[in-house]
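Heads up, the thing below is written out as structure tokens.
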Amino acid sequence: MTTTTFPIDPGDMPALKRWLAAQESGSENIHSHLHPVEIDEILIGPDVLRQLPGALQRAGIDLGSPLVLVMDETPMLRGRDDLKLLVQSLLNNAGYHVRPLWLAGDHHGLVHADFEQVQRVQAAITPQTALIALGSGTVTDITKHAAYLYDLAHPGQARSVYICCQTANSVTAFSANMAVLLKDGVKRTLPSRYPTAIISDLGVLASAPKAMTLAGLGDCCARFVAYGDWYLASALGMVDLYSEVPLALLDKLDVILLEHAASIAERSYAGEAVVARALLLAGIAQSIVNMSAPISGTEHVTSHVLDMIADHYRRGLALHGAQVGVATITAAQLYQRFLAHWHSLHHPKLASLVCSPHVVHTILAQAGAPLVCQDLQPVITQQEYDFAVQNGHFIRKRFVLGDLLYFLGWNV
Ligand SMILES: [Zn+2]
């Protein structure tokens, strides 16, 4: 059996940069100007955590330097070892001076990616101090944005060193130069920065709760409908930029995820490596066009409204990617209905960009991911979910399918 692979491995950064340069020069589209990927290296493998001190040295952080290690208070394992202790001793034994910075959670124990947390991390940065984010999406977004704001405030200095040590295959944040932060109670995607290096250790990723890997799978499934939204917005003149380079970067994502859904369910290293690569490529896909559109549309605004509903009732939040996966199935169903009735010159193109709900459903079902709102944790009622689907398009300026259906008078 042949195994389908991505067109380029994010673990080979020089090759990825060459590939992107070739895509750009091969395109006649004047709008295809891509933003450079400013990541020095991504390490993906069964035991790459041990290379963390080496990555710091390659980034110019000499042995003996202080390091700020940003973490939340969630206990984490790598196999049977305490991951946070393991990383601290790995760095201390290599000769670095580790300063742990613990981010405190709310009454649910949940850390929020807000500016208060960002400022705490920013205040800990000094010249020659490297920042390491040891966590999943929230810790990553807080740390990366602290490094970004520090760099903005010190224009004369070289860019600070920020290493992303991902502890779960949960979101696309690790490789993205944008951060999702809470501003005035609403989640906003803000310009931020790339990490200097990313450590994607399969031993760590396979030890994270299964729900997190399944959430990551759900988050990258967004590509299957979001690209339709982006194309639609462009066809209707609602957005200036449209490029298919991000699409090419994630080519055959559906085939790859279908092939590996069972091994993702088993938590094998092969399955974790596929989700890691998909998420890392998805983060880069949005960063090169400087907008989240390639992997964020109807399904993401639905998820954001679900977060607002949970917040309103002071409930804990379901995992972002789990909600996105469920909402992707719904958005794919809406596209299927819409395309059955809409015959225009854009029809074939749009049909080629979005996946059938059957494919999305099969990927998520074979991996054991949530499929309907009742599968989410905490449970979301059908009524709340329907409200989010119908009203998600109101919360963001960018045009999505929901806007079109609203103006056409379709009752979704
Ligand atoms: Zn997402």
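How things are named: the first chain in the structure tokens is A, the next is B, and so on; residues count from 1 in each chain; ligands count from 1 in the order shown.
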* **A:Pro46 surroundings by only C-alpha atoms, 7 Å radius, close-in-sequence under 5 positions cut, as a PyMOL selection string** => chain A and resi 201-203
* Considering only C-alpha atoms, return as number ranges by chain whatever protein or nucleic-acid residues lie within 9 Å of stretch 37-41 of chain A, sequence-local ones (same chain, fewer than 2 positions apart) excluded. => A: 10-14, 17, 34-35, 43, 55, 59, 175, 177, 193-199, 284, 287-288
* Tell me which protein, DNA and RNA residues are within 9 Å of stretch 162-170 of chain A, counting only C-alpha atoms, leaving out same-chain ones fewer than 6 positions away, and put them as a PyMOL selection string. => chain A and resi 49+52+55-56+76+83+130-137+140+143-144+147+194-201+204-209+211-219+272+275-276+279+319-321
Any chance you could export the current selection's N, CA and C atoms as a short mmCIF file (atom, residue, chain, number, x, y, z; two decimals), in the first residue's frame?
data_model
loop_
_atom_site.label_atom_id
_atom_site.label_comp_id
_atom_site.auth_asym_id
_atom_site.auth_seq_id
_atom_site.Cartn_x
_atom_site.Cartn_y
_atom_site.Cartn_z
N LEU A 49 12.75 16.03 21.46
CA LEU A 49 12.79 16.90 22.64
C LEU A 49 14.24 17.07 23.12
N LEU A 52 16.35 20.07 22.10
CA LEU A 52 16.00 21.44 22.51
C LEU A 52 17.23 22.28 22.85
N ALA A 55 18.90 23.26 19.66
CA ALA A 55 18.14 24.27 18.91
C ALA A 55 18.40 25.67 19.49
N LEU A 56 18.50 25.74 20.82
CA LEU A 56 18.79 27.04 21.47
C LEU A 56 20.17 27.54 21.05
N MET A 76 1.47 17.35 32.92
CA MET A 76 1.67 16.74 31.59
C MET A 76 2.71 15.64 31.69
N LEU A 83 6.53 15.73 32.23
CA LEU A 83 7.12 16.47 31.10
C LEU A 83 7.78 17.77 31.53
N ALA A 130 16.15 33.78 26.25
CA ALA A 130 15.26 33.14 25.27
C ALA A 130 13.97 32.76 25.96
N LEU A 131 12.89 32.76 25.18
CA LEU A 131 11.57 32.35 25.67
C LEU A 131 11.25 30.98 25.12
N ILE A 132 10.78 30.11 25.99
CA ILE A 132 10.30 28.81 25.51
C ILE A 132 8.85 28.64 25.95
N ALA A 133 7.97 28.37 25.00
CA ALA A 133 6.58 28.05 25.34
C ALA A 133 6.48 26.53 25.42
N LEU A 134 6.19 26.00 26.60
CA LEU A 134 5.99 24.57 26.77
C LEU A 134 4.50 24.37 27.05
N GLY A 135 3.73 24.19 25.98
CA GLY A 135 2.29 24.09 26.17
C GLY A 135 1.58 23.90 24.85
N SER A 136 0.23 24.00 24.90
CA SER A 136 -0.53 23.90 23.66
C SER A 136 -0.94 25.30 23.20
N GLY A 137 -2.10 25.44 22.58
CA GLY A 137 -2.45 26.68 21.89
C GLY A 137 -2.40 27.94 22.73
N THR A 140 1.09 28.92 23.84
CA THR A 140 1.80 29.33 22.63
C THR A 140 1.41 30.75 22.21
N THR A 143 2.78 33.37 24.71
CA THR A 143 4.23 33.53 24.65
C THR A 143 4.67 34.19 23.36
N LYS A 144 4.10 33.74 22.24
CA LYS A 144 4.52 34.31 20.96
C LYS A 144 4.19 35.80 20.90
N ALA A 147 6.66 37.84 22.91
CA ALA A 147 7.90 38.02 22.15
C ALA A 147 7.71 39.06 21.05
N TYR A 194 6.47 34.58 14.16
CA TYR A 194 6.81 33.16 14.05
C TYR A 194 7.72 32.77 15.21
N PRO A 195 7.73 31.49 15.57
CA PRO A 195 8.75 31.02 16.51
C PRO A 195 10.09 30.89 15.79
N THR A 196 11.17 30.98 16.54
CA THR A 196 12.49 30.75 15.96
C THR A 196 12.60 29.28 15.56
N ALA A 197 12.12 28.41 16.43
CA ALA A 197 12.15 26.97 16.14
C ALA A 197 10.94 26.31 16.80
N ILE A 198 10.56 25.15 16.27
CA ILE A 198 9.45 24.37 16.84
C ILE A 198 9.94 22.96 17.11
N ILE A 199 9.62 22.46 18.29
CA ILE A 199 9.96 21.08 18.65
C ILE A 199 8.65 20.29 18.72
N SER A 200 8.47 19.36 17.79
CA SER A 200 7.26 18.52 17.76
C SER A 200 7.68 17.08 18.07
N ASP A 201 7.78 16.79 19.35
CA ASP A 201 8.27 15.49 19.81
C ASP A 201 7.09 14.50 19.85
N VAL A 204 5.96 13.21 23.19
CA VAL A 204 5.14 14.18 23.95
C VAL A 204 3.72 14.21 23.37
N LEU A 205 3.62 14.30 22.06
CA LEU A 205 2.30 14.47 21.42
C LEU A 205 1.41 13.24 21.64
N ALA A 206 2.03 12.04 21.61
CA ALA A 206 1.25 10.81 21.82
C ALA A 206 0.87 10.62 23.29
N SER A 207 1.51 11.38 24.19
CA SER A 207 1.17 11.28 25.62
C SER A 207 0.09 12.28 26.03
N ALA A 208 -0.22 13.22 25.17
CA ALA A 208 -1.27 14.21 25.49
C ALA A 208 -2.63 13.52 25.45
N PRO A 209 -3.64 14.08 26.12
CA PRO A 209 -4.98 13.46 26.07
C PRO A 209 -5.45 13.29 24.62
N ALA A 211 -8.27 13.54 23.31
CA ALA A 211 -9.20 14.57 22.84
C ALA A 211 -8.46 15.74 22.20
N MET A 212 -7.20 15.97 22.62
CA MET A 212 -6.45 17.09 22.05
C MET A 212 -6.00 16.79 20.63
N THR A 213 -5.50 15.58 20.39
CA THR A 213 -5.12 15.21 19.01
C THR A 213 -6.35 15.23 18.11
N LEU A 214 -7.48 14.75 18.63
CA LEU A 214 -8.70 14.75 17.82
C LEU A 214 -9.17 16.18 17.55
N ALA A 215 -8.92 17.08 18.50
CA ALA A 215 -9.25 18.49 18.28
C ALA A 215 -8.36 19.07 17.17
N GLY A 216 -7.09 18.70 17.19
CA GLY A 216 -6.18 19.17 16.13
C GLY A 216 -6.64 18.67 14.77
N LEU A 217 -7.09 17.43 14.74
CA LEU A 217 -7.62 16.87 13.49
C LEU A 217 -8.82 17.70 13.03
N GLY A 218 -9.71 18.02 13.97
CA GLY A 218 -10.89 18.84 13.64
C GLY A 218 -10.49 20.22 13.13
N ASP A 219 -9.45 20.81 13.75
CA ASP A 219 -9.02 22.16 13.37
C ASP A 219 -8.50 22.16 11.92
N GLU A 272 0.23 10.53 14.93
CA GLU A 272 0.55 11.84 15.53
C GLU A 272 1.38 12.67 14.56
N VAL A 275 -0.90 14.33 11.97
CA VAL A 275 -1.64 15.49 12.50
C VAL A 275 -0.67 16.65 12.74
N ALA A 276 0.52 16.35 13.26
CA ALA A 276 1.50 17.42 13.51
C ALA A 276 1.84 18.13 12.20
N LEU A 279 -1.10 20.26 10.90
CA LEU A 279 -1.30 21.49 11.68
C LEU A 279 -0.19 22.50 11.41
N LEU A 319 -13.08 22.03 23.58
CA LEU A 319 -11.85 22.24 22.83
C LEU A 319 -12.15 22.90 21.48
N HIS A 320 -11.34 23.92 21.17
CA HIS A 320 -11.55 24.69 19.94
C HIS A 320 -11.69 23.79 18.71
N GLY A 321 -10.71 22.92 18.52
CA GLY A 321 -10.69 22.09 17.30
C GLY A 321 -11.83 21.08 17.27
#
* Those in stretch 153-379 of chain A with strand (DSSP E or B) from DSSP, as a ChimeraX atom specification -> /A:162-166,178-183,186-191,197-201
Pull the closest atom pair for each residue of chain A that gets at most 8 Å from ligand 1, along with the distance in Å to one decimal, counting only C-alpha atoms and all ligand atoms, ordering rows by chain and then ascending residue number, as a tab-separated table.
residue	atom	partner	partner_atom_place_in_ligand_line	distance
A:Val171	CA	ligand 1	1 (Zn)	6.0
A:Thr172	CA	ligand 1	1 (Zn)	6.2
A:Ala173	CA	ligand 1	1 (Zn)	7.8
A:Asp219	CA	ligand 1	1 (Zn)	4.9
A:Cys220	CA	ligand 1	1 (Zn)	7.4
A:Ala222	CA	ligand 1	1 (Zn)	7.5
A:Ile295	CA	ligand 1	1 (Zn)	7.3
A:Ser296	CA	ligand 1	1 (Zn)	6.6
A:His300	CA	ligand 1	1 (Zn)	6.4
A:His320	CA	ligand 1	1 (Zn)	6.5
A:Gly321	CA	ligand 1	1 (Zn)	5.9
A:Val324	CA	ligand 1	1 (Zn)	6.8
Please save all heavy atoms of the selected residues as a PDB file, in the first residue's frame.
ATOM      1  N   VAL A 171      -3.964  22.446  17.815  1.00  0.00           N
ATOM      2  CA  VAL A 171      -4.364  23.642  17.044  1.00  0.00           C
ATOM      3  C   VAL A 171      -3.302  23.962  15.985  1.00  0.00           C
ATOM      4  O   VAL A 171      -2.228  23.363  15.970  1.00  0.00           O
ATOM      5  CB  VAL A 171      -4.527  24.888  17.959  1.00  0.00           C
ATOM      6  CG1 VAL A 171      -5.822  24.884  18.732  1.00  0.00           C
ATOM      7  CG2 VAL A 171      -3.349  25.036  18.893  1.00  0.00           C
ATOM      8  N   THR A 172      -3.597  24.979  15.175  1.00  0.00           N
ATOM      9  CA  THR A 172      -2.639  25.375  14.134  1.00  0.00           C
ATOM     10  C   THR A 172      -1.716  26.501  14.607  1.00  0.00           C
ATOM     11  O   THR A 172      -0.925  27.013  13.822  1.00  0.00           O
ATOM     12  CB  THR A 172      -3.387  25.850  12.867  1.00  0.00           C
ATOM     13  OG1 THR A 172      -4.215  26.961  13.224  1.00  0.00           O
ATOM     14  CG2 THR A 172      -4.254  24.762  12.281  1.00  0.00           C
ATOM     15  N   ALA A 173      -1.827  26.870  15.887  1.00  0.00           N
ATOM     16  CA  ALA A 173      -1.126  28.071  16.387  1.00  0.00           C
ATOM     17  C   ALA A 173       0.396  27.967  16.365  1.00  0.00           C
ATOM     18  O   ALA A 173       1.083  28.981  16.257  1.00  0.00           O
ATOM     19  CB  ALA A 173      -1.576  28.357  17.824  1.00  0.00           C
ATOM     20  N   ASP A 219      -9.451  20.808  13.754  1.00  0.00           N
ATOM     21  CA  ASP A 219      -9.021  22.156  13.366  1.00  0.00           C
ATOM     22  C   ASP A 219      -8.500  22.157  11.924  1.00  0.00           C
ATOM     23  O   ASP A 219      -8.785  23.078  11.166  1.00  0.00           O
ATOM     24  CB  ASP A 219      -7.953  22.661  14.342  1.00  0.00           C
ATOM     25  CG  ASP A 219      -7.916  24.179  14.431  1.00  0.00           C
ATOM     26  OD1 ASP A 219      -8.886  24.838  13.990  1.00  0.00           O
ATOM     27  OD2 ASP A 219      -6.922  24.722  14.948  1.00  0.00           O
ATOM     28  N   CYS A 220      -7.731  21.124  11.533  1.00  0.00           N
ATOM     29  CA  CYS A 220      -7.216  21.172  10.150  1.00  0.00           C
ATOM     30  C   CYS A 220      -8.278  20.781   9.131  1.00  0.00           C
ATOM     31  O   CYS A 220      -8.163  21.130   7.961  1.00  0.00           O
ATOM     32  CB  CYS A 220      -5.885  20.444   9.979  1.00  0.00           C
ATOM     33  SG  CYS A 220      -5.826  18.753  10.467  1.00  0.00           S
ATOM     34  N   ALA A 222     -10.954  22.201   8.892  1.00  0.00           N
ATOM     35  CA  ALA A 222     -11.528  23.492   8.492  1.00  0.00           C
ATOM     36  C   ALA A 222     -11.171  23.851   7.048  1.00  0.00           C
ATOM     37  O   ALA A 222     -11.952  24.470   6.335  1.00  0.00           O
ATOM     38  CB  ALA A 222     -11.040  24.591   9.433  1.00  0.00           C
ATOM     39  N   ILE A 295      -7.814  28.525   6.315  1.00  0.00           N
ATOM     40  CA  ILE A 295      -8.234  27.472   7.243  1.00  0.00           C
ATOM     41  C   ILE A 295      -9.213  27.992   8.292  1.00  0.00           C
ATOM     42  O   ILE A 295      -9.356  27.406   9.355  1.00  0.00           O
ATOM     43  CB  ILE A 295      -7.021  26.823   7.947  1.00  0.00           C
ATOM     44  CG1 ILE A 295      -6.130  27.895   8.566  1.00  0.00           C
ATOM     45  CG2 ILE A 295      -6.228  25.958   7.007  1.00  0.00           C
ATOM     46  CD1 ILE A 295      -5.364  27.388   9.744  1.00  0.00           C
ATOM     47  N   SER A 296      -9.887  29.099   7.982  1.00  0.00           N
ATOM     48  CA  SER A 296     -10.824  29.644   8.960  1.00  0.00           C
ATOM     49  C   SER A 296     -11.961  30.374   8.256  1.00  0.00           C
ATOM     50  O   SER A 296     -11.754  31.442   7.678  1.00  0.00           O
ATOM     51  CB  SER A 296     -10.073  30.586   9.914  1.00  0.00           C
ATOM     52  OG  SER A 296     -10.967  31.244  10.764  1.00  0.00           O
ATOM     53  N   HIS A 300     -15.188  28.281  11.789  1.00  0.00           N
ATOM     54  CA  HIS A 300     -14.528  28.962  12.901  1.00  0.00           C
ATOM     55  C   HIS A 300     -15.425  30.016  13.554  1.00  0.00           C
ATOM     56  O   HIS A 300     -15.423  30.146  14.767  1.00  0.00           O
ATOM     57  CB  HIS A 300     -13.196  29.589  12.451  1.00  0.00           C
ATOM     58  CG  HIS A 300     -12.034  28.672  12.658  1.00  0.00           C
ATOM     59  ND1 HIS A 300     -11.796  27.590  11.854  1.00  0.00           N
ATOM     60  CD2 HIS A 300     -11.062  28.648  13.619  1.00  0.00           C
ATOM     61  CE1 HIS A 300     -10.717  26.949  12.288  1.00  0.00           C
ATOM     62  NE2 HIS A 300     -10.259  27.566  13.361  1.00  0.00           N
ATOM     63  N   HIS A 320     -11.342  23.919  21.165  1.00  0.00           N
ATOM     64  CA  HIS A 320     -11.549  24.694  19.941  1.00  0.00           C
ATOM     65  C   HIS A 320     -11.685  23.789  18.706  1.00  0.00           C
ATOM     66  O   HIS A 320     -12.661  23.872  17.958  1.00  0.00           O
ATOM     67  CB  HIS A 320     -10.372  25.669  19.779  1.00  0.00           C
ATOM     68  CG  HIS A 320     -10.271  26.282  18.421  1.00  0.00           C
ATOM     69  ND1 HIS A 320     -11.084  27.312  18.017  1.00  0.00           N
ATOM     70  CD2 HIS A 320      -9.474  25.985  17.362  1.00  0.00           C
ATOM     71  CE1 HIS A 320     -10.777  27.632  16.761  1.00  0.00           C
ATOM     72  NE2 HIS A 320      -9.805  26.845  16.352  1.00  0.00           N
ATOM     73  N   GLY A 321     -10.709  22.918  18.515  1.00  0.00           N
ATOM     74  CA  GLY A 321     -10.691  22.092  17.302  1.00  0.00           C
ATOM     75  C   GLY A 321     -11.829  21.080  17.275  1.00  0.00           C
ATOM     76  O   GLY A 321     -12.296  20.696  16.192  1.00  0.00           O
ATOM     77  N   VAL A 324     -14.632  23.032  15.978  1.00  0.00           N
ATOM     78  CA  VAL A 324     -14.393  23.333  14.559  1.00  0.00           C
ATOM     79  C   VAL A 324     -14.698  22.100  13.708  1.00  0.00           C
ATOM     80  O   VAL A 324     -15.320  22.200  12.648  1.00  0.00           O
ATOM     81  CB  VAL A 324     -12.943  23.822  14.332  1.00  0.00           C
ATOM     82  CG1 VAL A 324     -12.592  23.853  12.845  1.00  0.00           C
ATOM     83  CG2 VAL A 324     -12.741  25.205  14.947  1.00  0.00           C
TER      84      VAL A 324
END
Kindly provide the residues of stretch 133-249 of chain A that approach stretch 344-348 of chain A to within 10 Å, each paired with its closest atom pair and their distance in Å to one decimal, based on only C-alpha atoms, listed by chain and increasing number, as a Markdown table.
| residue | atom | partner | partner_atom | distance |
| --- | --- | --- | --- | --- |
| A:Tyr231 | CA | A:His346 | CA | 9.1 |
| A:Leu232 | CA | A:His346 | CA | 8.3 |
| A:Ala235 | CA | A:His346 | CA | 7.7 |
Just write the chosen residues, C-alpha atoms, as a PDB file, in the first residue's frame.
ATOM      1  CA  TYR A 231     -13.035  31.720  -2.953  1.00  0.00           C
ATOM      2  CA  LEU A 232     -16.658  32.855  -2.680  1.00  0.00           C
ATOM      3  CA  ALA A 235     -15.506  35.836  -6.563  1.00  0.00           C
TER       4      ALA A 235
END
* Measuring atom to atom with only C-alpha atoms, identify which of A:Ala278, A:Gln383, A:Phe115, A:His154 is nearest to A:Ile8. => A:Ala278
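If only C-alpha atoms are the atoms counted, then among A:Leu306, A:Val161, A:Leu190, A:Leu408 the closest residue to A:Trp342 is A:Leu408.
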* Asked: How far is it from atom CA of A:Val274 to atom CA of A:Cys221, in Å with one decimal?
  -> 12.8 Å
* To do: Please return as a PyMOL selection string: the residues of stretch 88-316 of chain A that backbone DSSP assigns to alpha helix (DSSP H).
  => chain A and resi 88-94+115-123+137-153+202-207+210-221+223-235+245-249+253-265+269-288+298-312
* Contacts of A:Trp230 at 8 Å (only C-alpha atoms; same-chain gap of 2+ positions) as a PyMOL selection string -> chain A and resi 226-228+232-234+242+293-294+297+399-400
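Put simply, atom CA of A:His33 is 27.7 Å away from atom CA of A:Ala146.
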* Between atom CA of A:Thr362 and atom CA of A:Val225, distance in Å (one decimal) -> 15.2 Å
